[in-house]
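**Q** PDB, N, CA and C atoms, pLDDT in the B column, file data-v2.pdb:
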ATOM      1  N   MET A  25      -1.005 -20.217  -2.904  1.00 35.00           N
ATOM      2  CA  MET A  25      -0.656 -18.812  -2.864  1.00 35.00           C
ATOM      3  C   MET A  25      -1.850 -18.019  -2.348  1.00 35.00           C
ATOM      4  N   ARG A  26      -1.598 -17.111  -1.437  1.00 43.00           N
ATOM      5  CA  ARG A  26      -2.663 -16.279  -0.880  1.00 43.00           C
ATOM      6  C   ARG A  26      -2.945 -15.115  -1.805  1.00 43.00           C
ATOM      7  N   GLN A  27      -4.198 -14.712  -1.858  1.00 56.00           N
ATOM      8  CA  GLN A  27      -4.586 -13.568  -2.679  1.00 56.00           C
ATOM      9  C   GLN A  27      -3.895 -12.319  -2.155  1.00 56.00           C
ATOM     10  N   GLY A  28      -3.360 -11.521  -3.063  1.00 63.00           N
ATOM     11  CA  GLY A  28      -2.776 -10.243  -2.686  1.00 63.00           C
ATOM     12  C   GLY A  28      -1.267 -10.242  -2.579  1.00 63.00           C
ATOM     13  N   MET A  29      -0.628 -11.392  -2.606  1.00 63.00           N
ATOM     14  CA  MET A  29       0.829 -11.401  -2.582  1.00 63.00           C
ATOM     15  C   MET A  29       1.345 -12.607  -3.350  1.00 63.00           C
ATOM     16  N   THR A  30       2.563 -12.499  -3.812  1.00 63.00           N
ATOM     17  CA  THR A  30       3.149 -13.600  -4.564  1.00 63.00           C
ATOM     18  C   THR A  30       3.855 -14.560  -3.619  1.00 63.00           C
ATOM     19  N   LYS A  31       4.113 -15.758  -4.086  1.00 68.00           N
ATOM     20  CA  LYS A  31       4.868 -16.729  -3.299  1.00 68.00           C
ATOM     21  C   LYS A  31       6.271 -16.177  -3.095  1.00 68.00           C
ATOM     22  N   HIS A  32       6.699 -16.175  -1.869  1.00 63.00           N
ATOM     23  CA  HIS A  32       8.012 -15.630  -1.529  1.00 63.00           C
ATOM     24  C   HIS A  32       9.099 -16.582  -2.016  1.00 63.00           C
ATOM     25  N   GLU A  33      10.102 -16.039  -2.714  1.00 66.00           N
ATOM     26  CA  GLU A  33      11.141 -16.875  -3.315  1.00 66.00           C
ATOM     27  C   GLU A  33      12.513 -16.659  -2.705  1.00 66.00           C
ATOM     28  N   GLY A  34      12.586 -16.196  -1.466  1.00 66.00           N
ATOM     29  CA  GLY A  34      13.862 -16.094  -0.779  1.00 66.00           C
ATOM     30  C   GLY A  34      14.561 -14.760  -0.908  1.00 66.00           C
ATOM     31  N   ALA A  35      13.964 -13.789  -1.554  1.00 76.00           N
ATOM     32  CA  ALA A  35      14.559 -12.457  -1.667  1.00 76.00           C
ATOM     33  C   ALA A  35      13.937 -11.552  -0.601  1.00 76.00           C
ATOM     34  N   PHE A  36      14.446 -10.340  -0.503  1.00 85.00           N
ATOM     35  CA  PHE A  36      13.921  -9.394   0.464  1.00 85.00           C
ATOM     36  C   PHE A  36      12.797  -8.538  -0.095  1.00 85.00           C
ATOM     37  N   LEU A  37      12.454  -8.730  -1.351  1.00 87.00           N
ATOM     38  CA  LEU A  37      11.390  -7.938  -1.960  1.00 87.00           C
ATOM     39  C   LEU A  37      10.175  -8.816  -2.221  1.00 87.00           C
ATOM     40  N   MET A  38       9.010  -8.332  -1.825  1.00 88.00           N
ATOM     41  CA  MET A  38       7.769  -9.068  -2.005  1.00 88.00           C
ATOM     42  C   MET A  38       6.806  -8.209  -2.820  1.00 88.00           C
ATOM     43  N   TRP A  39       6.223  -8.793  -3.850  1.00 89.00           N
ATOM     44  CA  TRP A  39       5.215  -8.095  -4.656  1.00 89.00           C
ATOM     45  C   TRP A  39       3.872  -8.155  -3.952  1.00 89.00           C
ATOM     46  N   LEU A  40       3.215  -7.010  -3.842  1.00 91.00           N
ATOM     47  CA  LEU A  40       1.877  -6.937  -3.253  1.00 91.00           C
ATOM     48  C   LEU A  40       0.888  -6.497  -4.327  1.00 91.00           C
ATOM     49  N   ASN A  41      -0.142  -7.285  -4.532  1.00 91.00           N
ATOM     50  CA  ASN A  41      -1.208  -6.938  -5.468  1.00 91.00           C
ATOM     51  C   ASN A  41      -2.235  -6.142  -4.676  1.00 91.00           C
ATOM     52  N   MET A  42      -2.348  -4.848  -4.961  1.00 91.00           N
ATOM     53  CA  MET A  42      -3.231  -3.977  -4.197  1.00 91.00           C
ATOM     54  C   MET A  42      -4.415  -3.498  -5.036  1.00 91.00           C
ATOM     55  N   GLN A  43      -4.769  -4.277  -6.070  1.00 91.00           N
ATOM     56  CA  GLN A  43      -5.887  -3.925  -6.936  1.00 91.00           C
ATOM     57  C   GLN A  43      -7.205  -3.862  -6.180  1.00 91.00           C
ATOM     58  N   CYS A  44      -7.343  -4.652  -5.125  1.00 90.00           N
ATOM     59  CA  CYS A  44      -8.595  -4.693  -4.371  1.00 90.00           C
ATOM     60  C   CYS A  44      -8.922  -3.345  -3.733  1.00 90.00           C
ATOM     61  N   LEU A  45      -7.926  -2.470  -3.568  1.00 91.00           N
ATOM     62  CA  LEU A  45      -8.162  -1.158  -2.966  1.00 91.00           C
ATOM     63  C   LEU A  45      -8.835  -0.200  -3.936  1.00 91.00           C
ATOM     64  N   GLY A  46      -8.705  -0.484  -5.238  1.00 90.00           N
ATOM     65  CA  GLY A  46      -9.345   0.343  -6.254  1.00 90.00           C
ATOM     66  C   GLY A  46      -8.803   1.760  -6.331  1.00 90.00           C
ATOM     67  N   LEU A  47      -7.528   1.949  -6.069  1.00 90.00           N
ATOM     68  CA  LEU A  47      -6.944   3.293  -6.046  1.00 90.00           C
ATOM     69  C   LEU A  47      -6.206   3.667  -7.325  1.00 90.00           C
ATOM     70  N   GLY A  48      -6.014   2.706  -8.223  1.00 87.00           N
ATOM     71  CA  GLY A  48      -5.352   2.989  -9.499  1.00 87.00           C
ATOM     72  C   GLY A  48      -4.018   3.676  -9.340  1.00 87.00           C
ATOM     73  N   GLY A  49      -3.790   4.677 -10.168  1.00 85.00           N
ATOM     74  CA  GLY A  49      -2.522   5.408 -10.170  1.00 85.00           C
ATOM     75  C   GLY A  49      -2.288   6.247  -8.924  1.00 85.00           C
ATOM     76  N   GLU A  50      -3.313   6.424  -8.104  1.00 90.00           N
ATOM     77  CA  GLU A  50      -3.179   7.193  -6.862  1.00 90.00           C
ATOM     78  C   GLU A  50      -2.551   6.363  -5.746  1.00 90.00           C
ATOM     79  N   LEU A  51      -2.427   5.064  -5.953  1.00 89.00           N
ATOM     80  CA  LEU A  51      -1.965   4.144  -4.926  1.00 89.00           C
ATOM     81  C   LEU A  51      -0.661   4.563  -4.244  1.00 89.00           C
ATOM     82  N   PRO A  52       0.423   4.854  -4.979  1.00 89.00           N
ATOM     83  CA  PRO A  52       1.680   5.193  -4.289  1.00 89.00           C
ATOM     84  C   PRO A  52       1.556   6.397  -3.352  1.00 89.00           C
ATOM     85  N   GLY A  53       0.906   7.444  -3.799  1.00 91.00           N
ATOM     86  CA  GLY A  53       0.759   8.632  -2.966  1.00 91.00           C
ATOM     87  C   GLY A  53      -0.082   8.372  -1.730  1.00 91.00           C
ATOM     88  N   ILE A  54      -1.134   7.578  -1.874  1.00 91.00           N
ATOM     89  CA  ILE A  54      -2.000   7.262  -0.743  1.00 91.00           C
ATOM     90  C   ILE A  54      -1.271   6.372   0.263  1.00 91.00           C
ATOM     91  N   ILE A  55      -0.488   5.422  -0.230  1.00 91.00           N
ATOM     92  CA  ILE A  55       0.295   4.559   0.670  1.00 91.00           C
ATOM     93  C   ILE A  55       1.234   5.418   1.518  1.00 91.00           C
ATOM     94  N   ILE A  56       1.885   6.381   0.895  1.00 92.00           N
ATOM     95  CA  ILE A  56       2.810   7.242   1.641  1.00 92.00           C
ATOM     96  C   ILE A  56       2.059   8.140   2.610  1.00 92.00           C
ATOM     97  N   SER A  57       0.996   8.795   2.154  1.00 94.00           N
ATOM     98  CA  SER A  57       0.307   9.769   3.003  1.00 94.00           C
ATOM     99  C   SER A  57      -0.499   9.126   4.135  1.00 94.00           C
ATOM    100  N   LYS A  58      -1.122   7.985   3.883  1.00 92.00           N
ATOM    101  CA  LYS A  58      -1.965   7.365   4.913  1.00 92.00           C
ATOM    102  C   LYS A  58      -1.236   6.315   5.734  1.00 92.00           C
ATOM    103  N   CYS A  59      -0.337   5.580   5.108  1.00 92.00           N
ATOM    104  CA  CYS A  59       0.349   4.487   5.808  1.00 92.00           C
ATOM    105  C   CYS A  59       1.742   4.879   6.294  1.00 92.00           C
ATOM    106  N   HIS A  60       2.275   5.941   5.735  1.00 93.00           N
ATOM    107  CA  HIS A  60       3.631   6.399   6.080  1.00 93.00           C
ATOM    108  C   HIS A  60       4.676   5.312   5.816  1.00 93.00           C
ATOM    109  N   VAL A  61       4.473   4.628   4.686  1.00 91.00           N
ATOM    110  CA  VAL A  61       5.369   3.564   4.257  1.00 91.00           C
ATOM    111  C   VAL A  61       5.766   3.838   2.813  1.00 91.00           C
ATOM    112  N   ALA A  62       7.045   3.787   2.529  1.00 89.00           N
ATOM    113  CA  ALA A  62       7.528   3.963   1.157  1.00 89.00           C
ATOM    114  C   ALA A  62       7.732   2.584   0.534  1.00 89.00           C
ATOM    115  N   LEU A  63       7.035   2.333  -0.556  1.00 91.00           N
ATOM    116  CA  LEU A  63       7.140   1.066  -1.274  1.00 91.00           C
ATOM    117  C   LEU A  63       7.634   1.328  -2.685  1.00 91.00           C
ATOM    118  N   GLY A  64       8.151   0.293  -3.318  1.00 91.00           N
ATOM    119  CA  GLY A  64       8.536   0.395  -4.717  1.00 91.00           C
ATOM    120  C   GLY A  64       7.294   0.335  -5.588  1.00 91.00           C
ATOM    121  N   GLU A  65       7.199   1.243  -6.525  1.00 92.00           N
ATOM    122  CA  GLU A  65       6.027   1.310  -7.401  1.00 92.00           C
ATOM    123  C   GLU A  65       6.114   0.276  -8.514  1.00 92.00           C
ATOM    124  N   GLY A  66       5.081  -0.533  -8.631  1.00 91.00           N
ATOM    125  CA  GLY A  66       5.036  -1.547  -9.677  1.00 91.00           C
ATOM    126  C   GLY A  66       4.915  -0.960 -11.064  1.00 91.00           C
ATOM    127  N   GLY A  67       4.340   0.246 -11.180  1.00 89.00           N
ATOM    128  CA  GLY A  67       4.176   0.893 -12.470  1.00 89.00           C
ATOM    129  C   GLY A  67       5.467   1.105 -13.221  1.00 89.00           C
ATOM    130  N   HIS A  68       6.595   1.095 -12.512  1.00 90.00           N
ATOM    131  CA  HIS A  68       7.900   1.214 -13.170  1.00 90.00           C
ATOM    132  C   HIS A  68       8.185   0.005 -14.067  1.00 90.00           C
ATOM    133  N   TYR A  69       7.459  -1.088 -13.842  1.00 90.00           N
ATOM    134  CA  TYR A  69       7.679  -2.319 -14.590  1.00 90.00           C
ATOM    135  C   TYR A  69       6.629  -2.530 -15.674  1.00 90.00           C
ATOM    136  N   GLY A  70       5.795  -1.540 -15.892  1.00 90.00           N
ATOM    137  CA  GLY A  70       4.791  -1.606 -16.945  1.00 90.00           C
ATOM    138  C   GLY A  70       3.419  -1.227 -16.423  1.00 90.00           C
ATOM    139  N   LYS A  71       2.569  -0.779 -17.347  1.00 89.00           N
ATOM    140  CA  LYS A  71       1.225  -0.309 -16.992  1.00 89.00           C
ATOM    141  C   LYS A  71       0.404  -1.380 -16.273  1.00 89.00           C
ATOM    142  N   ALA A  72       0.607  -2.633 -16.607  1.00 89.00           N
ATOM    143  CA  ALA A  72      -0.153  -3.724 -15.990  1.00 89.00           C
ATOM    144  C   ALA A  72       0.129  -3.858 -14.493  1.00 89.00           C
ATOM    145  N   TYR A  73       1.232  -3.260 -14.030  1.00 90.00           N
ATOM    146  CA  TYR A  73       1.624  -3.381 -12.627  1.00 90.00           C
ATOM    147  C   TYR A  73       1.368  -2.109 -11.821  1.00 90.00           C
ATOM    148  N   THR A  74       0.531  -1.214 -12.335  1.00 90.00           N
ATOM    149  CA  THR A  74       0.257   0.060 -11.678  1.00 90.00           C
ATOM    150  C   THR A  74      -0.252  -0.123 -10.252  1.00 90.00           C
ATOM    151  N   GLU A  75      -1.054  -1.149 -10.018  1.00 91.00           N
ATOM    152  CA  GLU A  75      -1.615  -1.360  -8.683  1.00 91.00           C
ATOM    153  C   GLU A  75      -0.892  -2.453  -7.903  1.00 91.00           C
ATOM    154  N   PHE A  76       0.360  -2.666  -8.250  1.00 92.00           N
ATOM    155  CA  PHE A  76       1.232  -3.574  -7.510  1.00 92.00           C
ATOM    156  C   PHE A  76       2.319  -2.736  -6.844  1.00 92.00           C
ATOM    157  N   MET A  77       2.757  -3.161  -5.679  1.00 92.00           N
ATOM    158  CA  MET A  77       3.826  -2.468  -4.971  1.00 92.00           C
ATOM    159  C   MET A  77       4.843  -3.508  -4.529  1.00 92.00           C
ATOM    160  N   ARG A  78       6.096  -3.059  -4.355  1.00 92.00           N
ATOM    161  CA  ARG A  78       7.151  -3.954  -3.869  1.00 92.00           C
ATOM    162  C   ARG A  78       7.507  -3.556  -2.448  1.00 92.00           C
ATOM    163  N   LEU A  79       7.386  -4.502  -1.545  1.00 92.00           N
ATOM    164  CA  LEU A  79       7.676  -4.293  -0.137  1.00 92.00           C
ATOM    165  C   LEU A  79       9.010  -4.940   0.198  1.00 92.00           C
ATOM    166  N   ASN A  80       9.927  -4.173   0.768  1.00 91.00           N
ATOM    167  CA  ASN A  80      11.209  -4.703   1.221  1.00 91.00           C
ATOM    168  C   ASN A  80      11.003  -5.241   2.625  1.00 91.00           C
ATOM    169  N   ILE A  81      11.081  -6.556   2.778  1.00 90.00           N
ATOM    170  CA  ILE A  81      10.863  -7.164   4.089  1.00 90.00           C
ATOM    171  C   ILE A  81      12.175  -7.403   4.833  1.00 90.00           C
ATOM    172  N   GLY A  82      13.264  -6.856   4.309  1.00 90.00           N
ATOM    173  CA  GLY A  82      14.565  -6.965   4.975  1.00 90.00           C
ATOM    174  C   GLY A  82      14.703  -5.882   6.032  1.00 90.00           C
ATOM    175  N   THR A  83      13.861  -5.930   7.037  1.00 91.00           N
ATOM    176  CA  THR A  83      13.845  -4.925   8.098  1.00 91.00           C
ATOM    177  C   THR A  83      13.515  -5.616   9.411  1.00 91.00           C
ATOM    178  N   THR A  84      13.379  -4.853  10.462  1.00 93.00           N
ATOM    179  CA  THR A  84      13.040  -5.451  11.749  1.00 93.00           C
ATOM    180  C   THR A  84      11.589  -5.921  11.755  1.00 93.00           C
ATOM    181  N   ARG A  85      11.330  -6.867  12.600  1.00 93.00           N
ATOM    182  CA  ARG A  85       9.959  -7.384  12.734  1.00 93.00           C
ATOM    183  C   ARG A  85       9.011  -6.251  13.142  1.00 93.00           C
ATOM    184  N   LYS A  86       9.457  -5.380  14.031  1.00 95.00           N
ATOM    185  CA  LYS A  86       8.630  -4.271  14.499  1.00 95.00           C
ATOM    186  C   LYS A  86       8.231  -3.359  13.331  1.00 95.00           C
ATOM    187  N   ASN A  87       9.189  -3.025  12.462  1.00 94.00           N
ATOM    188  CA  ASN A  87       8.883  -2.177  11.299  1.00 94.00           C
ATOM    189  C   ASN A  87       7.908  -2.872  10.357  1.00 94.00           C
ATOM    190  N   LEU A  88       8.103  -4.149  10.137  1.00 93.00           N
ATOM    191  CA  LEU A  88       7.230  -4.904   9.240  1.00 93.00           C
ATOM    192  C   LEU A  88       5.815  -4.998   9.820  1.00 93.00           C
ATOM    193  N   GLU A  89       5.709  -5.253  11.115  1.00 95.00           N
ATOM    194  CA  GLU A  89       4.387  -5.316  11.752  1.00 95.00           C
ATOM    195  C   GLU A  89       3.679  -3.969  11.671  1.00 95.00           C
ATOM    196  N   ARG A  90       4.413  -2.889  11.853  1.00 95.00           N
ATOM    197  CA  ARG A  90       3.827  -1.548  11.769  1.00 95.00           C
ATOM    198  C   ARG A  90       3.306  -1.284  10.354  1.00 95.00           C
ATOM    199  N   ALA A  91       4.098  -1.643   9.343  1.00 94.00           N
ATOM    200  CA  ALA A  91       3.685  -1.441   7.956  1.00 94.00           C
ATOM    201  C   ALA A  91       2.445  -2.273   7.636  1.00 94.00           C
ATOM    202  N   LEU A  92       2.433  -3.534   8.049  1.00 93.00           N
ATOM    203  CA  LEU A  92       1.295  -4.399   7.761  1.00 93.00           C
ATOM    204  C   LEU A  92       0.030  -3.920   8.477  1.00 93.00           C
ATOM    205  N   ALA A  93       0.173  -3.402   9.684  1.00 96.00           N
ATOM    206  CA  ALA A  93      -0.987  -2.860  10.402  1.00 96.00           C
ATOM    207  C   ALA A  93      -1.559  -1.650   9.662  1.00 96.00           C
ATOM    208  N   SER A  94      -0.687  -0.828   9.098  1.00 94.00           N
ATOM    209  CA  SER A  94      -1.175   0.339   8.357  1.00 94.00           C
ATOM    210  C   SER A  94      -1.837  -0.079   7.050  1.00 94.00           C
ATOM    211  N   PHE A  95      -1.343  -1.141   6.398  1.00 92.00           N
ATOM    212  CA  PHE A  95      -1.994  -1.652   5.194  1.00 92.00           C
ATOM    213  C   PHE A  95      -3.381  -2.196   5.537  1.00 92.00           C
ATOM    214  N   LYS A  96      -3.491  -2.861   6.679  1.00 94.00           N
ATOM    215  CA  LYS A  96      -4.785  -3.393   7.115  1.00 94.00           C
ATOM    216  C   LYS A  96      -5.778  -2.253   7.331  1.00 94.00           C
ATOM    217  N   MET A  97      -5.317  -1.161   7.940  1.00 94.00           N
ATOM    218  CA  MET A  97      -6.177  -0.003   8.162  1.00 94.00           C
ATOM    219  C   MET A  97      -6.664   0.561   6.827  1.00 94.00           C
ATOM    220  N   LEU A  98      -5.763   0.689   5.855  1.00 93.00           N
ATOM    221  CA  LEU A  98      -6.135   1.195   4.544  1.00 93.00           C
ATOM    222  C   LEU A  98      -7.106   0.253   3.843  1.00 93.00           C
ATOM    223  N   TYR A  99      -6.866  -1.034   3.956  1.00 92.00           N
ATOM    224  CA  TYR A  99      -7.768  -2.035   3.372  1.00 92.00           C
ATOM    225  C   TYR A  99      -9.175  -1.877   3.955  1.00 92.00           C
ATOM    226  N   ASN A 100      -9.249  -1.801   5.287  1.00 93.00           N
ATOM    227  CA  ASN A 100     -10.555  -1.654   5.940  1.00 93.00           C
ATOM    228  C   ASN A 100     -11.261  -0.379   5.503  1.00 93.00           C
ATOM    229  N   GLU A 101     -10.503   0.666   5.278  1.00 91.00           N
ATOM    230  CA  GLU A 101     -11.071   1.946   4.845  1.00 91.00           C
ATOM    231  C   GLU A 101     -11.588   1.874   3.406  1.00 91.00           C
ATOM    232  N   CYS A 102     -10.846   1.207   2.535  1.00 90.00           N
ATOM    233  CA  CYS A 102     -11.182   1.191   1.115  1.00 90.00           C
ATOM    234  C   CYS A 102     -12.140   0.080   0.702  1.00 90.00           C
ATOM    235  N   VAL A 103     -12.061  -1.061   1.357  1.00 88.00           N
ATOM    236  CA  VAL A 103     -12.782  -2.239   0.878  1.00 88.00           C
ATOM    237  C   VAL A 103     -14.001  -2.572   1.724  1.00 88.00           C
ATOM    238  N   LYS A 104     -13.878  -2.508   3.004  1.00 70.00           N
ATOM    239  CA  LYS A 104     -14.997  -2.938   3.870  1.00 70.00           C
ATOM    240  C   LYS A 104     -16.023  -1.878   4.086  1.00 70.00           C
TER     241      LYS A 104
END
Would you mind writing the file's structure down as structure tokens?
**A**
Amino acid sequence: MRQGMTKHEGAFLMWLNMQCLGLGGELPGIIISKCHVALGEGGHYGKAYTEFMRLNIGTTRKNLERALASFKMLYNECVK
């Protein structure tokens, strides 16, 4: 399993562990404002999941590539 995401089990929803960004409860708002991507908030499933997001990968390849490129930009901004 790669760091930052769970093993995909055949569904259209993928859990993303975004703790490395260090954004805490601000994560959902920053994802929307900087990445222009709406994700499911992990905090709805308990406090331990505040820095996890659910990505729906049931979309076009182009949309998924655009979302992943924006996550990479945010990662580079926050971590590197």
**Q** I need the output of the PyMOL selection byres ((chain A and resi 44) around 8) for this file as a PyMOL selection string; which residues are they?
**A** chain A and resi 28+41-43+45-47+75+99+102-103
**Q** Would you work out the distance separating atom C of Ala93 in chain A from atom N of Val61 in chain A, expressed in Å to one decimal?
**A**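 Between atom C of Ala93 in chain A and atom N of Val61 in chain A the gap is 10.0 Å.
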**Q** Go through A:Ala91, A:Ala72, A:Ala35, A:Leu79 and flag the residue nearest His60 in chain A, using only N, CA and C atoms for the distances.
**A**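 Answer, going by the shortest atom-to-atom distance: A:Ala91.
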**Q** Exactly which residues make up the result of the PyMOL selection byres ((chain A and resi 80) around 7) on this file, given as JSON, numbers by chain?
**A** {"A": [36, 37, 38, 63, 64, 78, 79, 81, 82, 83]}
**Q** Just how far from atom C of Thr74 in chain A is atom C of Gly49 in chain A, in Å to one decimal?
**A**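 So the answer is 6.8 Å.
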**Q** Apply DSSP to the backbone of this structure and, from chain A, keep only the residues in strand (DSSP E or B); write these as a PyMOL selection string.
**A** chain A and resi 29+37-41+64-65+76-80
**Q** Quick one: what's the axis-aligned box for range 69-81 of chain A, all listed atoms, 4 Å on every side, centre and edges in Å to one decimal, as AutoDock Vina command-line options?
**A**
--center_x 5.3 --center_y -3.7 --center_z -6.3 --size_x 21.8 --size_y 15.5 --size_z 30.2
**Q** Could you work out how far CA of Leu40 in chain A lies from CA of Ser57 in chain A, giving the answer in Å with one decimal?
**A**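 Value for the CA of Ser57 in chain A-CA of Leu40 in chain A distance: 17.9 Å.
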**Q** Which residue out of A:Glu101, A:Gly70, A:Asn87, A:Trp39 has the minimum interatomic distance to Ile54 in chain A when only C-alpha atoms are used?
**A** A:Glu101
**Q** Check the smallest atom-to-atom distance from each of A:Gly48, A:Glu65, A:Glu89, A:Ile56 to Met77 in chain A using only N, CA and C atoms, then report the winner.
**A**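 Once distances to Met77 in chain A are computed over only N, CA and C atoms, the minimum belongs to A:Glu65.
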**Q** Counting all atoms listed in the file, which of A:Lys71, A:Lys104, A:Phe76, A:Cys59 gets nearest to Arg90 in chain A?
**A**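 Closest candidate: A:Cys59.
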**Q** Would you return as a list in words the members of chain A that DSSP assigns to alpha helix (DSSP H) on this structure's backbone?
**A**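 For chain A, the alpha helix (DSSP H) set is Leu51, Pro52, Gly53, Ile54, Arg85, Lys86, Asn87, Leu88, Glu89, Arg90, Ala91, Leu92, Ala93, Ser94, Phe95, Lys96, Met97, Leu98, Tyr99, Asn100, Glu101 and Cys102 of chain A.
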